[in-house]
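Structure file start31.txt; described as compact mmCIF, C-alpha atoms and all ligand atoms.
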```txt
# COMPACT_ATOMS: atom_id res chain seq x y z
CA MET M 1 2.38 -3.26 24.05
CA GLU M 2 5.12 -1.16 22.44
CA LYS M 3 6.98 -3.22 19.82
CA LYS M 4 10.77 -3.29 19.76
CA ALA M 5 12.79 -3.31 16.55
CA LEU M 6 16.52 -3.79 16.06
CA ILE M 7 18.05 -2.34 12.88
CA THR M 8 21.50 -3.25 11.59
CA GLY M 9 22.84 -0.50 9.32
CA ILE M 10 20.68 2.14 11.07
CA ALA M 11 23.05 4.94 10.00
CA GLY M 12 22.74 4.04 6.29
CA GLN M 13 20.26 5.40 3.76
CA ASP M 14 17.58 2.78 4.42
CA GLY M 15 18.32 2.34 8.11
CA SER M 16 17.84 6.03 8.82
CA TYR M 17 14.48 6.17 7.04
CA LEU M 18 13.34 2.90 8.59
CA ALA M 19 14.20 4.18 12.08
CA GLU M 20 12.15 7.30 11.38
CA PHE M 21 9.24 5.23 10.06
CA LEU M 22 9.21 2.81 13.01
CA LEU M 23 9.39 5.68 15.54
CA TYR M 24 6.42 7.23 13.71
CA LYS M 25 4.62 3.87 14.09
CA GLY M 26 5.25 3.93 17.86
CA TYR M 27 8.08 1.38 18.05
CA GLN M 28 11.01 1.43 20.42
CA VAL M 29 13.94 1.40 18.01
CA HIS M 30 17.41 -0.01 18.62
CA GLY M 31 20.16 0.41 16.07
CA ILE M 32 23.65 -0.95 15.63
CA ILE M 33 26.32 1.59 14.70
CA ARG M 34 30.00 1.02 14.03
CA TRP M 35 32.65 2.81 16.01
CA ASP M 36 34.69 5.22 13.91
CA SER M 37 37.18 7.94 14.77
CA ILE M 38 34.61 10.51 13.63
CA PHE M 39 30.80 10.49 13.93
CA THR M 40 29.12 8.77 10.97
CA THR M 41 25.56 9.22 12.22
CA GLU M 42 24.65 12.32 10.21
CA ARG M 43 21.55 10.66 8.70
CA ILE M 44 20.06 9.93 12.14
CA ASP M 45 21.28 12.94 14.12
CA HIS M 46 17.81 14.51 13.95
CA LEU M 47 16.36 11.37 15.62
CA TYR M 48 18.97 11.08 18.38
CA GLN M 49 17.70 11.21 21.94
CA ASP M 50 19.84 11.65 25.04
CA PRO M 51 19.60 8.26 26.81
CA HIS M 52 19.54 10.05 30.19
CA VAL M 53 16.10 11.60 29.68
CA ASN M 54 12.78 9.81 30.23
CA ASN M 55 10.70 8.03 27.63
CA VAL M 56 13.53 7.56 25.16
CA LYS M 57 12.47 5.65 22.02
CA LEU M 58 15.73 5.38 20.09
CA PHE M 59 18.77 3.50 21.40
CA LEU M 60 22.10 3.19 19.59
CA HIS M 61 24.53 0.34 20.31
CA TYR M 62 28.07 -0.18 19.11
CA GLY M 63 28.45 -3.37 17.12
CA ASP M 64 29.77 -5.00 14.01
CA LEU M 65 28.46 -7.74 11.75
CA SER M 66 31.80 -9.52 12.04
CA ASP M 67 31.45 -9.85 15.84
CA THR M 68 29.37 -12.91 16.77
CA GLY M 69 29.48 -12.36 20.55
CA ASN M 70 28.46 -8.73 20.21
CA LEU M 71 25.45 -9.62 18.03
CA GLU M 72 24.34 -12.43 20.35
CA ARG M 73 24.60 -10.21 23.43
CA LEU M 74 22.63 -7.38 21.81
CA ILE M 75 19.85 -9.68 20.63
CA ASN M 76 19.54 -11.37 24.02
CA GLN M 77 19.58 -8.05 25.90
CA ILE M 78 17.20 -6.12 23.65
CA LYS M 79 14.84 -9.04 22.90
CA PRO M 80 13.46 -7.34 19.78
CA ASP M 81 10.15 -8.37 18.19
CA GLU M 82 11.56 -7.59 14.74
CA ILE M 83 15.07 -7.42 13.31
CA TYR M 84 15.67 -5.51 10.09
CA HIS M 85 19.04 -6.64 8.78
CA LEU M 86 20.18 -3.79 6.52
CA GLY M 87 23.85 -3.55 7.48
CA ALA M 88 26.22 -4.36 4.60
CA MET M 89 29.14 -3.21 2.53
CA SER M 90 26.63 -2.16 -0.10
CA HIS M 91 28.79 -0.88 -2.97
CA VAL M 92 28.96 -3.37 -5.86
CA LYS M 93 32.11 -1.91 -7.45
CA VAL M 94 33.97 -1.77 -4.12
CA SER M 95 33.12 -5.43 -3.48
CA PHE M 96 35.51 -6.38 -6.33
CA ASP M 97 38.31 -4.58 -4.44
CA MET M 98 37.56 -6.18 -1.07
CA PRO M 99 35.81 -9.49 -1.79
CA GLU M 100 36.75 -11.31 1.40
CA SER M 101 35.51 -8.68 3.85
CA THR M 102 32.41 -8.16 1.70
CA VAL M 103 31.51 -11.84 1.93
CA ASN M 104 32.31 -11.87 5.65
CA ILE M 105 29.99 -8.93 6.38
CA ASP M 106 27.29 -9.34 3.72
CA GLY M 107 27.16 -13.15 3.82
CA LEU M 108 28.40 -14.48 7.16
CA GLY M 109 27.00 -11.43 8.99
CA THR M 110 23.51 -12.70 8.15
CA LEU M 111 24.30 -16.20 9.37
CA ARG M 112 25.60 -14.78 12.67
CA ILE M 113 22.31 -12.99 13.28
CA LEU M 114 20.17 -15.98 12.30
CA GLU M 115 22.16 -18.26 14.61
CA ALA M 116 21.73 -15.76 17.44
CA ILE M 117 17.96 -15.66 16.81
CA LYS M 118 17.76 -19.45 16.72
CA ASN M 119 19.80 -19.87 19.92
CA SER M 120 17.84 -17.16 21.74
CA LYS M 121 14.58 -19.14 21.23
CA LEU M 122 12.79 -15.77 21.06
CA PRO M 123 9.93 -15.38 18.52
CA ILE M 124 11.84 -12.73 16.56
CA LYS M 125 10.75 -11.80 13.03
CA PHE M 126 13.69 -11.29 10.67
CA TYR M 127 13.91 -9.14 7.52
CA MET M 128 16.83 -9.71 5.14
CA ALA M 129 17.85 -6.90 2.78
CA SER M 130 18.29 -8.97 -0.37
CA SER M 131 19.07 -7.36 -3.70
CA SER M 132 18.13 -7.33 -7.37
CA GLU M 133 21.89 -7.62 -8.06
CA MET M 134 21.41 -11.35 -7.36
CA PHE M 135 19.67 -11.76 -10.74
CA GLY M 136 22.73 -10.66 -12.71
CA ASN M 137 22.06 -10.62 -16.44
CA ASN M 138 19.11 -13.03 -16.36
CA ALA M 139 16.45 -11.68 -18.69
CA PRO M 140 14.11 -9.04 -17.31
CA PRO M 141 11.51 -8.63 -15.94
CA GLN M 142 12.83 -10.41 -12.84
CA ASN M 143 10.46 -11.78 -10.22
CA GLU M 144 10.56 -14.14 -7.21
CA ASN M 145 10.94 -17.15 -9.56
CA THR M 146 13.80 -15.80 -11.67
CA PRO M 147 17.01 -17.78 -11.03
CA PHE M 148 20.00 -15.98 -9.54
CA HIS M 149 23.24 -15.43 -11.44
CA PRO M 150 25.37 -13.14 -9.24
CA ARG M 151 28.10 -11.15 -11.04
CA SER M 152 30.01 -9.54 -8.14
CA PRO M 153 31.33 -10.59 -4.72
CA TYR M 154 28.55 -8.40 -3.29
CA ALA M 155 25.85 -10.27 -5.20
CA CYS M 156 27.38 -13.68 -4.32
CA ALA M 157 27.23 -12.76 -0.63
CA LYS M 158 23.64 -11.58 -0.99
CA VAL M 159 22.66 -14.89 -2.65
CA PHE M 160 24.14 -16.73 0.33
CA SER M 161 22.18 -14.47 2.70
CA PHE M 162 18.98 -14.98 0.71
CA ASP M 163 19.37 -18.77 0.84
CA ILE M 164 20.37 -18.97 4.49
CA THR M 165 17.37 -16.81 5.43
CA ARG M 166 15.00 -19.14 3.55
CA MET M 167 16.77 -22.17 5.00
CA TYR M 168 16.39 -20.96 8.64
CA ARG M 169 12.71 -20.34 7.91
CA GLU M 170 12.21 -23.88 6.59
CA ALA M 171 14.47 -25.72 9.04
CA TYR M 172 13.77 -23.88 12.30
CA GLY M 173 10.40 -22.23 11.70
CA ILE M 174 11.84 -18.72 12.12
CA PHE M 175 9.68 -15.93 10.69
CA ALA M 176 12.46 -14.97 8.26
CA CYS M 177 11.74 -13.04 5.06
CA ASN M 178 13.67 -11.68 2.10
CA GLY M 179 12.86 -8.37 0.49
CA ILE M 180 14.45 -8.50 -2.96
CA LEU M 181 14.66 -4.77 -3.41
CA PHE M 182 15.57 -3.15 -6.69
CA ASN M 183 17.57 0.09 -6.63
CA HIS M 184 15.96 2.73 -4.46
CA GLU M 185 17.34 6.20 -4.19
CA GLY M 186 16.70 9.47 -2.46
CA CYS M 187 18.19 12.48 -0.77
CA ARG M 188 20.17 10.41 1.77
CA ARG M 189 21.71 8.11 -0.87
CA GLY M 190 25.47 7.64 -0.44
CA PRO M 191 27.40 10.07 -2.70
CA THR M 192 29.29 7.31 -4.57
CA PHE M 193 26.17 5.63 -5.99
CA VAL M 194 25.51 6.84 -9.50
CA THR M 195 22.19 8.67 -8.96
CA ARG M 196 23.41 10.78 -6.06
CA LYS M 197 26.79 11.28 -7.69
CA ILE M 198 24.91 12.82 -10.63
CA THR M 199 22.50 15.00 -8.64
CA MET M 200 25.33 16.31 -6.42
CA ALA M 201 27.40 17.08 -9.52
CA VAL M 202 24.45 18.89 -11.12
CA ALA M 203 24.14 21.12 -8.06
CA LYS M 204 27.89 21.78 -7.89
CA ILE M 205 28.09 22.58 -11.62
CA LYS M 206 25.10 24.89 -11.28
CA ALA M 207 26.84 26.64 -8.38
CA GLY M 208 30.04 27.01 -10.42
CA LEU M 209 31.98 24.77 -8.01
CA GLU M 210 32.73 22.03 -10.57
CA LYS M 211 32.85 21.70 -14.35
CA LYS M 212 32.74 17.95 -15.06
CA ILE M 213 31.46 14.64 -13.79
CA TYR M 214 33.43 11.41 -14.44
CA LEU M 215 31.38 8.24 -14.90
CA GLY M 216 31.66 4.62 -16.04
CA ASN M 217 29.07 2.61 -17.99
CA ILE M 218 26.23 5.04 -18.69
CA ASN M 219 24.34 2.51 -20.81
CA ALA M 220 23.51 0.30 -17.80
CA LYS M 221 19.81 0.24 -16.93
CA ARG M 222 18.24 0.06 -13.51
CA ASP M 223 14.76 -0.08 -12.01
CA TRP M 224 15.04 3.00 -9.79
CA GLY M 225 12.46 3.74 -7.10
CA PHE M 226 12.07 6.16 -4.20
CA SER M 227 13.66 4.92 -0.96
CA GLN M 228 10.96 5.91 1.53
CA GLU M 229 8.36 3.80 -0.29
CA TYR M 230 10.66 0.77 -0.12
CA ILE M 231 11.04 1.24 3.64
CA GLU M 232 7.29 0.90 4.05
CA ALA M 233 7.42 -2.34 2.03
CA MET M 234 10.05 -3.78 4.41
CA TRP M 235 7.75 -3.20 7.36
CA GLN M 236 4.73 -4.62 5.52
CA ILE M 237 6.68 -7.80 4.71
CA LEU M 238 7.12 -8.49 8.44
CA GLN M 239 3.43 -7.77 9.20
CA GLN M 240 2.14 -10.67 7.03
CA ASP M 241 0.62 -13.80 8.60
CA GLN M 242 3.24 -16.04 6.95
CA PRO M 243 6.92 -15.38 6.25
CA ASP M 244 7.64 -15.00 2.55
CA ASP M 245 9.98 -13.41 -0.02
CA PHE M 246 9.00 -10.40 -2.15
CA VAL M 247 10.35 -8.42 -5.11
CA ILE M 248 9.96 -4.67 -4.54
CA ALA M 249 10.38 -2.55 -7.67
CA THR M 250 8.72 0.02 -9.91
CA GLY M 251 8.50 -2.24 -12.99
CA GLU M 252 10.30 0.32 -15.19
CA SER M 253 13.91 0.55 -16.20
CA HIS M 254 15.99 3.54 -17.33
CA SER M 255 19.63 3.99 -18.27
CA VAL M 256 22.21 6.09 -16.46
CA LYS M 257 22.19 8.20 -19.63
CA GLU M 258 18.47 8.93 -19.20
CA PHE M 259 19.11 9.90 -15.58
CA LEU M 260 21.74 12.38 -16.78
CA GLU M 261 19.40 13.80 -19.44
CA VAL M 262 16.57 14.47 -17.01
CA ALA M 263 18.81 15.81 -14.21
CA PHE M 264 20.82 18.30 -16.32
CA GLN M 265 17.76 19.51 -18.25
CA TYR M 266 15.73 19.94 -15.07
CA ALA M 267 18.44 22.09 -13.47
CA GLY M 268 18.55 24.28 -16.59
CA LEU M 269 22.05 23.17 -17.59
CA GLY M 270 21.10 21.85 -21.05
CA ASP M 271 22.78 18.89 -22.74
CA PHE M 272 24.54 16.63 -20.22
CA LYS M 273 27.20 15.69 -22.81
CA GLN M 274 28.97 19.01 -22.20
CA TYR M 275 29.73 17.94 -18.64
CA VAL M 276 30.26 14.16 -18.71
CA GLU M 277 33.61 12.39 -19.18
CA ILE M 278 33.88 8.60 -19.29
CA ASP M 279 36.55 7.22 -16.96
CA ASP M 280 37.63 3.55 -17.06
CA ARG M 281 38.08 3.41 -13.31
CA TYR M 282 34.30 3.36 -12.80
CA PHE M 283 33.72 0.26 -14.96
CA ARG M 284 33.25 -3.10 -13.21
CA PRO M 285 34.94 -6.39 -14.09
CA ALA M 286 31.44 -7.77 -14.72
CA GLU M 287 28.38 -5.57 -15.19
CA VAL M 288 24.68 -6.14 -14.60
CA GLU M 289 23.17 -4.61 -17.72
CA ASN M 290 19.44 -4.32 -17.19
CA LEU M 291 17.28 -4.77 -14.11
CA ILE M 292 13.49 -4.51 -14.30
CA GLY M 293 11.50 -5.84 -11.39
CA ASP M 294 8.09 -7.45 -11.62
CA PRO M 295 6.39 -6.32 -8.39
CA LEU M 296 3.07 -8.16 -9.01
CA LYS M 297 3.30 -10.36 -5.91
CA ALA M 298 3.91 -7.31 -3.71
CA LYS M 299 0.92 -5.59 -5.30
CA ASN M 300 -1.36 -8.58 -4.75
CA LYS M 301 -0.24 -9.62 -1.28
CA LEU M 302 1.05 -6.39 0.32
CA ASN M 303 -1.06 -3.94 -1.64
CA TRP M 304 2.26 -2.16 -2.28
CA GLU M 305 2.84 -0.20 -5.47
CA ALA M 306 5.46 2.45 -6.29
CA LYS M 307 3.99 5.95 -6.46
CA ILE M 308 7.11 7.83 -7.55
CA LYS M 309 8.11 7.44 -11.19
CA PHE M 310 11.56 7.88 -12.70
CA ASP M 311 11.37 11.57 -13.75
CA GLU M 312 9.85 12.48 -10.40
CA LEU M 313 12.64 10.73 -8.50
CA VAL M 314 15.30 12.64 -10.43
CA LYS M 315 13.56 15.96 -9.74
CA ILE M 316 13.19 15.21 -6.02
CA MET M 317 16.92 14.45 -5.76
CA VAL M 318 18.04 17.47 -7.82
CA ASP M 319 15.85 19.82 -5.77
CA SER M 320 17.34 18.48 -2.56
CA ASP M 321 20.97 18.77 -3.68
CA MET M 322 20.43 22.26 -5.04
CA ARG M 323 18.84 23.34 -1.77
CA ARG M 324 21.82 21.96 0.15
CA LEU M 325 24.04 24.39 -1.78
CA ASN M 326 21.61 27.26 -1.12
CA LEU M 327 20.63 27.40 -4.79
CA ALA M 328 17.07 28.22 -5.84
CA ALA M 329 15.72 24.77 -6.76
CA PRO M 330 13.11 24.45 -9.53
CA GLY M 331 10.79 22.98 -6.85
CA GLU M 332 8.82 20.42 -8.87
CA GLY M 333 10.28 17.62 -6.76
CA ASP M 334 9.19 19.26 -3.51
CA LYS M 335 5.69 19.68 -4.95
CA ILE M 336 5.52 16.00 -5.92
CA ILE M 337 6.38 14.97 -2.34
CA LYS M 338 3.70 17.25 -0.91
CA GLU M 339 1.06 15.93 -3.32
CA LYS M 340 1.87 12.22 -3.11
CA PHE M 341 2.74 11.95 0.59
CA PRO M 342 0.31 14.07 2.62
CA ASP M 343 1.19 11.95 5.72
CA LYS M 344 4.92 12.26 5.17
CA TRP M 345 6.72 10.68 8.14
CA TRP M 346 10.31 11.69 7.31
CA LYS M 347 12.23 14.90 7.72
CA VAL M 348 12.80 16.68 4.43
CA ASP M 349 16.52 16.52 3.58
P1 LIG M 401 24.10 1.96 2.98
O1 LIG M 401 23.60 3.37 2.94
O2 LIG M 401 25.44 1.65 2.42
O3 LIG M 401 24.05 1.48 4.49
C1 LIG M 401 24.66 0.30 4.92
C2 LIG M 401 24.84 0.36 6.42
O4 LIG M 401 25.52 -0.84 6.83
C3 LIG M 401 25.68 1.53 6.93
O5 LIG M 401 25.04 2.16 8.02
C4 LIG M 401 26.98 0.88 7.40
O6 LIG M 401 27.57 1.49 8.53
C5 LIG M 401 26.48 -0.49 7.81
N1 LIG M 401 27.57 -1.46 7.84
C6 LIG M 401 28.52 -1.68 6.90
N2 LIG M 401 29.40 -2.61 7.33
C7 LIG M 401 29.02 -2.96 8.56
C8 LIG M 401 29.55 -3.84 9.53
N3 LIG M 401 30.66 -4.53 9.33
N4 LIG M 401 28.89 -3.97 10.72
C9 LIG M 401 27.78 -3.24 10.98
N5 LIG M 401 27.23 -2.38 10.09
C10 LIG M 401 27.86 -2.23 8.90
O7 LIG M 401 23.08 0.98 2.24
P2 LIG M 401 21.52 1.17 1.94
O8 LIG M 401 21.36 1.72 0.58
O9 LIG M 401 20.87 1.83 3.10
O10 LIG M 401 21.04 -0.35 1.84
C11 LIG M 401 20.59 -1.05 3.00
C12 LIG M 401 20.68 -2.55 2.72
O11 LIG M 401 19.87 -2.89 1.60
C13 LIG M 401 22.08 -3.05 2.38
O12 LIG M 401 22.19 -4.35 2.91
C14 LIG M 401 22.08 -3.11 0.87
O13 LIG M 401 23.01 -4.07 0.44
C15 LIG M 401 20.65 -3.52 0.60
N6 LIG M 401 20.07 -3.08 -0.67
C16 LIG M 401 20.08 -1.77 -1.01
C17 LIG M 401 19.48 -1.35 -2.19
C18 LIG M 401 19.45 0.09 -2.59
O14 LIG M 401 19.13 0.36 -3.76
N7 LIG M 401 19.70 1.01 -1.69
C19 LIG M 401 18.84 -2.31 -3.01
C20 LIG M 401 18.84 -3.64 -2.62
C21 LIG M 401 19.44 -4.02 -1.43
P3 LIG M 401 28.28 2.94 8.45
O15 LIG M 401 27.13 3.90 8.52
O16 LIG M 401 29.15 2.95 9.64
O17 LIG M 401 29.01 2.97 7.13
O1 LIG M 402 24.61 3.32 -8.34
P1 LIG M 402 25.29 2.03 -8.51
O2 LIG M 402 26.65 1.88 -7.91
O3 LIG M 402 24.29 0.92 -7.97
P2 LIG M 402 24.22 -0.67 -8.22
O4 LIG M 402 25.52 -1.22 -8.63
O5 LIG M 402 23.05 -0.91 -9.10
O6 LIG M 402 23.93 -1.20 -6.74
C1 LIG M 402 22.94 -0.60 -5.92
O7 LIG M 402 21.71 -1.24 -6.15
C2 LIG M 402 21.68 -2.64 -5.80
C3 LIG M 402 20.27 -3.16 -6.12
O8 LIG M 402 20.23 -3.59 -7.45
C4 LIG M 402 21.99 -2.77 -4.33
F1 LIG M 402 21.91 -4.07 -3.95
C5 LIG M 402 23.37 -2.20 -4.04
O9 LIG M 402 23.62 -2.27 -2.63
C6 LIG M 402 23.40 -0.74 -4.46
O10 LIG M 402 22.53 -0.01 -3.64
O11 LIG M 402 25.44 1.70 -10.07
C7 LIG M 402 24.34 1.69 -10.94
C8 LIG M 402 24.83 1.57 -12.37
C9 LIG M 402 25.85 0.44 -12.57
O12 LIG M 402 25.53 -0.25 -13.74
C10 LIG M 402 27.18 1.14 -12.75
O13 LIG M 402 28.11 0.46 -13.55
O14 LIG M 402 25.53 2.77 -12.72
C11 LIG M 402 26.71 2.43 -13.40
N1 LIG M 402 27.67 3.54 -13.24
C12 LIG M 402 28.18 4.28 -14.27
N2 LIG M 402 29.03 5.18 -13.80
C13 LIG M 402 28.22 3.97 -12.11
C14 LIG M 402 29.09 5.01 -12.44
N3 LIG M 402 28.04 3.57 -10.81
C15 LIG M 402 28.74 4.25 -9.86
N4 LIG M 402 28.55 3.88 -8.56
N5 LIG M 402 29.62 5.26 -10.15
C16 LIG M 402 29.83 5.69 -11.43
O15 LIG M 402 30.61 6.58 -11.67
```
In C-alpha cells, how does this file's structure come out?
Ligand code: NAP
Ligand code: G4F
Amino acid sequence: MEKKALITGIAGQDGSYLAEFLLYKGYQVHGIIRWDSIFTTERIDHLYQDPHVNNVKLFLHYGDLSDTGNLERLINQIKPDEIYHLGAMSHVKVSFDMPESTVNIDGLGTLRILEAIKNSKLPIKFYMASSSEMFGNNAPPQNENTPFHPRSPYACAKVFSFDITRMYREAYGIFACNGILFNHEGCRRGPTFVTRKITMAVAKIKAGLEKKIYLGNINAKRDWGFSQEYIEAMWQILQQDQPDDFVIATGESHSVKEFLEVAFQYAGLGDFKQYVEIDDRYFRPAEVENLIGDPLKAKNKLNWEAKIKFDELVKIMVDSDMRRLNLAAPGEGDKIIKEKFPDKWWKVD
C-alpha cells in the first residue's frame, strides 16, 4: 500500500528536500503552502505535477498554521499515515521582532495539529521539528538529557512544541516524536541565515557585483550539518517501533568566523577580513554562544551518522552559489556529493 505523508512547511528548505525524499521512497506526498501575492514555491517547482494528469504523487494545499479549521479539514480529508511538521517562522533574530506571531505559529500551530490528530482518531505518526536553540547556553555537548534554557521567542515556542508533542504521546498514545535537529544547511538554505548569506556574498564578490558583507556576532559557534542527511533522519525517526526523541547533529562545532575563512579562501578571495563589516543590527538581544550536539543515541538506535563535515559543507554551498552566477566553481563540493551520495535522491541546486 502506498503511504501518504503530509508536510507542513513543504516550500521551505527542509520541506522541499523531504518531499523529494518521500517521493523517491514511493510515498504520495501532500504539502501545505501559504497563499501569497507571488509564488513562493521555487524550491519545489521541479517536483510540481499538474493535478489534472493521472498518477499524480504530489498534492499542494493552501493552509496556515494559525487556522485550526483548515488544518483539521486537511488532516481528515487526506488521512495521512505520517505528518512531518516543519512549518514555522524559523528565523531566531526575527522572532525578537515579532514574538507574538512566532509563538502563535511555532508553538500553538503544533498544538492545533496534535489536537486534530487526536480528534481524528486516525493512527497518524507525527514528527515535530524541534531545535537545538532550545538548549540555549547550557554547556555543550548537548544531548536528549540536557535541560532546555530557551533564549529567544523562537526557542520558547519550540520548547512548548517539544513538550506538547511528548505530552500527547504519553497522554493519548499518539506516535509523536521530536527530532532535536542542530543547524543544517545547504544550497536551498534561506538567504538570511548566516551560512547562505556568506556563500551568496562570496559568489557576488567574486563576480564583482558586491564588495562587502555585513554581519553580527561572528564568534558564535554552531554544529553545522548537511540538510539532506538530516531529512533522512526525520524519516528514520518515524520508522522506529516506538515513538521517541532524538538529537541529530555532527558532534562538531565551528564559529561563523571559521565559516568565513573557509568560504573566502576556497573561492580564491583570500583573507575574509577585507570584505567583512560588523553591523550592530545583526546582533540579537540574547545570543546562543555554542551548540555542539551529541548524536550518540541516533547512531545507536537509527544507525544515523553525519557524513558531511564542516569544510565539505562550506565547499558544497560555495560551489552551488558560484554556479548560480555562472561562475566557474572550484568543484570540490560537487565531487564530494558524487563520492558520498552515489544514490543521490535530490536535484542538484
Ligand atoms: P524554512 O526554510 O524557514 O521553512 C519554513 C516553512 O514554514 C516555510 O515553507 C514557510 O512557508 C512555512 N511557514 C511559515 N509560517 C507558516 C504558517 N503560518 N503556516 C504555514 N506554514 C508556514 O525552515 P527550515 O530550515 O526548512 O526548517 C524546517 C523546520 O525545522 C522549522 O520548523 C525550523 O524551525 C526547524 N529547524 C530547522 C533547523 C535548521 O537548521 N534548518 C534546525 C532545527 C529546527 P513559506 O514558504 O510560505 O515562507
Ligand atoms: O544562521 P542563523 O540565523 O541560525 P540560528 O540562529 O542558529 O538558527 C538556525 O538554526 C536553529 C537550530 O539551532 C534553527 F532552529 C533555526 O530555525 C535556524 O535554522 O545564525 C547563526 C549564528 C547566530 O549566532 C547569529 O548571531 O550566526 C550569527 N550571525 C552573525 N551574523 C548571524 C549574522 N546570523 C544571521 N542570520 N545573520 C547575520 O548577519
Calculate how many Å separate atom N3 of ligand LIG 402 (chain M) from atom CA of M:Ile218, rounding to one decimal.
8.2 Å
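Residue nearest M:Ile7, chosen from M:Phe126, M:Thr68, M:Phe226, M:Glu42 and counting all atoms listed in the file: M:Phe126.
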Identify, counting all atoms listed in the file, the protein, DNA and RNA residues located within 7 Å of ligand LIG 402 (chain M), and give them as a PyMOL selection string.
chain M and resi 90-93+131-133+181-183+192-195+214-218+220-222+256+282-284+287-289
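The smallest atom-to-atom distance between M:Leu47 and any of M:Ala306, M:Trp346, M:Lys338, M:Ala129, using only C-alpha atoms, is found for M:Trp346.
The residue that comes closest to ligand LIG 401 (chain M), out of M:Asp280, M:Asp97, M:Glu2, M:Asp223 and on the basis of only C-alpha atoms and all ligand atoms, is M:Asp223.
In this structure, atom CA of M:Pro342 sits 29.8 Å away from atom CA of M:Asp50.
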